[in-house]
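Chemist: Structure below; questions to follow.
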Amino acid sequence: MKFTFSGTMLRFVEYAKEVEISEPNFQLALEALLSRHPQLQSVLLDGEGSLRRTHQMFLNGESMDARYYSDAKARGDLAMQPDDSVYILTAIAGG
Amino acid sequence: MKTPAIGQLHETSTPAEVRRYVASELADFFATRINPFATDRDDACETIPRAEYEHAAEVGLLNYLIPKEVGGMGGSRRTFGLLLEQISYYCDDVAFPSVLAMYADVPNVIYRAGRSSLLEKYVHPMARGRKFGTFAYTDYGDAFDFQTRVVRRGDQYVLNGTKCLQTGGMLADVFVTYARDENDDMKVMLVDRSDPGVSLKPVKTLGLRSAGLTQLRLENVVLDEERRLSGSDGLAEAQNFLNSRRMFVVCPLVGAMKRIIEVCVRHLDTVIREGQPLTQAQLVQARIGKMAAKQLTSEVILHDALDRIGRGEVNPMFDPVISAAKLIITENGMEVGESAIRLTGWRGYSQELPFERLFRGFMAALTGQTAQDVLEIQLGVVAMAEVAMNQHKKETRR
């Protein structure tokens with residue numbers, strides 16, 4: 001599967017627009033991604049290990065359910081196929 | 001206690017109903033207490049006095065968005081947006097609706113924390129116009145790199161840093177302040193003006209000079225746990241607030257554009273060139289037509305976006321429709337203001353007519369609630385993401 005990034009997020013993944021990961025479920029894929037790009041850790045996850053809601057996550061173009069943000073077990077139960085794509089869309093606005 | 005007349009408005013009130021309310025209940029207030037002083041206040045960079053916002057509380061404007069159970073009117077954000085639009089038709093100083101929108105919105109951020117002590121200390125007095133709050137977000141770093149830091153020390157927090165610009169800071173009693181903690185989480189802290197280590201500096205700007213803009217400096221400001229508003233994801237809470245406020249920044253522009261066109265036409269009717277009023281010249285008519293088209297399309301875009309907000313059809317983090325509306329209405333406002341100056345020559349460029357002051361006020365929307373260029377980037381990123389995701393869907397379907 002692959003993670004796709006754009007805009008503000010690119011600087012945390014060394015400007016790689018896509019990151020290919022080979023793991024059987026979403027949680028393991030996320031852990032592999034963070035291990036490859038440790039700078040992403042505090043940007044993607046909050047202090048309690050939940051995905052920050054600022055990032056909009058799309059699995060194969062469909063918005064991911066809220067439970068995948070906060071529940072690591074739900075993420076572990078989500079099987080990943082080789083051609084799956086998770087798009088992380090981040091639009092941070094100013095004041 | 002008698003319910004203010006604003007109570008007759010509701011979540012589906014039409015723009016015409018809101019216009020009638022503002023004309024009958026508020027127009028005199030602006031005509032006597034705001035408009036006659038607008039030019040002098042702008043010259044002197046003098047903040048609109050506290051008493052005028054206290055009056056806004058008395059008539060139910062300042063507490064319009066606060067839930068009824070804590071002393072507010074429980075009004076809808078959609079109708080409040082329409083109120084801001086109509087107010088700006090009658091109010092010659094766009095700083096007033098801009099600050100009003102901020103003071104009216106901040107109590108809800110505190111209310112959502114759901115703590116009774118905060119309701120008593122902040123929200124109840126805010127509902128009565130006895131306290132004002134503003135938002136201290138803008139920083140010298142970006143959202144992932146805020147320079148303002150908050151550090152936990154025992155059961156307290158210590159804040160240090162400088163927040164660049166606050167709307168209405170000169171009269172604010174409390175600042176909803178965003179700072180980065182040791183884990184790079186964003187924390188939302190309530191900072192009182194009177195807290196030791198807090199200092200404020202007026203900020204001089206091109207426009208909105210009566211809006212009481214400030215810079216907030218925090219030097220070893222010690223706050224109790226009670227003053228922490230956010231959970232572990234303060235960035236999401238900030239984005240939610242910013243997204244929903246973005247529309248309020250441009251509501252005043254739409255009413256003010258209408259006012260500019262009227263003042264411009266009335267003035268040009270009195271200017272005789274080659275034996276005729278300038279309004280008879282076709283080039284002038286065409287430019288006025290273009291200004292009217294900008295104002296009318298802004299009105300349509302605004303009302304559609306407000307209706308979406310009313311129906312809850314918005315993405316709470318970054319809504320492309322609200323963002324596009326802010327972007328386009330601001331650009332339209334700039335064009336209408338500039339056209340009025342072009343048409344009226346030296347009078348429009350001077351204080352003889354209000355256009356130069358209003359035009360400078362409009363320019364605040366170029367940078368406020370996300371700078372126009374940043375919004376363009378974000379809208380582009382979202383549009384390109386949609387294309388990429390649709391492409392992926394097509395490829396995996398094959």
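We label chains A, B, ... in the order they appear in the structure tokens, count residues from 1 in each chain, and number ligands from 1 in the order shown.
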Compute the chain A side of the contact with chain B at 6 Å, counting only C-alpha atoms, and hand it back as a list in words.
Modeler: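 Selected residues: Asp46, Gly47, Arg53, Thr54, Gly61, Ala91, Ala93, Gly94 and Gly95 of chain A.
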Chemist: Could you please write out, as a PyMOL selection string, every residue of chain A that DSSP assigns to helix (DSSP H, G or I)?
Modeler: chain A and resi 7-13+26-36+38-44+67-70+72-77
Chemist: Show me, as an MDAnalysis selection string, the residues that have an atom within 7 Å of range 208-221 of chain B when counting only C-alpha atoms, minus same-chain residues fewer than 4 positions from it.
Modeler: chainID B and resid 41:42 45:48 94:96 99 158:170 195:204 361
Chemist: Just to be explicit: take each residue in the selection above, keep N, CA and C atoms, and write the result as a short mmCIF file (atom, residue, chain, number, x, y, z; two decimals), in the first residue's frame.
Modeler:
data_model
loop_
_atom_site.label_atom_id
_atom_site.label_comp_id
_atom_site.auth_asym_id
_atom_site.auth_seq_id
_atom_site.Cartn_x
_atom_site.Cartn_y
_atom_site.Cartn_z
N ARG B 41 -11.45 58.63 14.62
CA ARG B 41 -10.87 57.46 15.31
C ARG B 41 -9.80 56.81 14.43
N ASP B 42 -10.09 56.76 13.16
CA ASP B 42 -9.13 56.15 12.23
C ASP B 42 -7.84 56.97 12.22
N CYS B 45 -5.97 56.39 15.44
CA CYS B 45 -5.81 54.97 15.82
C CYS B 45 -6.46 54.73 17.19
N GLU B 46 -7.65 55.27 17.36
CA GLU B 46 -8.31 55.21 18.66
C GLU B 46 -9.34 54.08 18.66
N THR B 47 -9.28 53.24 19.66
CA THR B 47 -10.16 52.08 19.76
C THR B 47 -11.61 52.52 20.00
N ILE B 48 -12.55 51.88 19.34
CA ILE B 48 -13.98 52.15 19.60
C ILE B 48 -14.22 51.87 21.09
N VAL B 94 -15.86 49.46 9.56
CA VAL B 94 -15.88 47.98 9.50
C VAL B 94 -15.19 47.35 10.71
N ALA B 95 -14.46 48.17 11.49
CA ALA B 95 -13.82 47.61 12.69
C ALA B 95 -14.88 47.14 13.69
N PHE B 96 -16.02 47.85 13.75
CA PHE B 96 -17.03 47.49 14.75
C PHE B 96 -17.58 46.08 14.53
N VAL B 99 -14.77 43.39 15.28
CA VAL B 99 -14.51 43.13 16.70
C VAL B 99 -15.72 42.46 17.35
N VAL B 158 3.49 27.04 32.52
CA VAL B 158 4.22 28.31 32.36
C VAL B 158 4.26 28.66 30.88
N LEU B 159 3.81 29.83 30.56
CA LEU B 159 3.73 30.29 29.15
C LEU B 159 4.78 31.34 28.86
N ASN B 160 5.41 31.21 27.68
CA ASN B 160 6.36 32.22 27.22
C ASN B 160 6.21 32.39 25.71
N GLY B 161 6.33 33.62 25.25
CA GLY B 161 6.28 33.87 23.81
C GLY B 161 5.53 35.14 23.49
N THR B 162 5.38 35.36 22.20
CA THR B 162 4.68 36.56 21.74
C THR B 162 3.66 36.17 20.68
N LYS B 163 2.42 36.54 20.88
CA LYS B 163 1.39 36.31 19.87
C LYS B 163 1.23 37.63 19.11
N CYS B 164 1.32 37.52 17.77
CA CYS B 164 1.54 38.73 16.96
C CYS B 164 0.37 39.71 16.90
N LEU B 165 -0.83 39.21 16.73
CA LEU B 165 -1.93 40.14 16.43
C LEU B 165 -3.26 39.61 16.96
N GLN B 166 -3.93 40.44 17.76
CA GLN B 166 -5.26 40.07 18.26
C GLN B 166 -6.27 41.16 17.89
N THR B 167 -7.40 40.75 17.36
CA THR B 167 -8.49 41.68 17.06
C THR B 167 -9.17 42.05 18.37
N GLY B 168 -9.29 43.33 18.63
CA GLY B 168 -10.00 43.77 19.85
C GLY B 168 -9.22 43.55 21.13
N GLY B 169 -7.91 43.35 21.01
CA GLY B 169 -7.09 43.08 22.20
C GLY B 169 -7.07 44.22 23.21
N MET B 170 -7.22 45.46 22.72
CA MET B 170 -7.13 46.62 23.63
C MET B 170 -8.22 46.59 24.71
N ASP B 195 -3.03 38.75 34.45
CA ASP B 195 -2.07 37.74 34.92
C ASP B 195 -0.66 38.34 34.94
N PRO B 196 0.10 38.09 36.01
CA PRO B 196 1.49 38.59 36.04
C PRO B 196 2.28 38.03 34.85
N GLY B 197 3.05 38.91 34.20
CA GLY B 197 3.86 38.50 33.05
C GLY B 197 3.19 38.77 31.71
N VAL B 198 1.94 39.27 31.74
CA VAL B 198 1.22 39.58 30.50
C VAL B 198 1.40 41.06 30.17
N SER B 199 1.80 41.35 28.94
CA SER B 199 1.82 42.75 28.53
C SER B 199 1.27 42.87 27.11
N LEU B 200 0.70 44.02 26.83
CA LEU B 200 0.06 44.26 25.53
C LEU B 200 0.65 45.50 24.89
N LYS B 201 0.79 45.40 23.56
CA LYS B 201 1.30 46.55 22.82
C LYS B 201 0.34 46.83 21.67
N PRO B 202 -0.07 48.09 21.48
CA PRO B 202 -0.94 48.36 20.33
C PRO B 202 -0.20 48.08 19.02
N VAL B 203 -0.90 47.59 18.02
CA VAL B 203 -0.29 47.33 16.71
C VAL B 203 -0.92 48.28 15.70
N LYS B 204 -0.08 49.06 15.03
CA LYS B 204 -0.59 50.00 14.03
C LYS B 204 -0.67 49.30 12.68
N GLY B 361 -9.77 49.24 5.32
CA GLY B 361 -10.37 48.25 6.23
C GLY B 361 -10.57 46.91 5.56
#
Chemist: In Å, rounded to a single decimal, give me how far CA of Ile260 in chain B is from CA of Ser350 in chain B.
Modeler: 14.6 Å
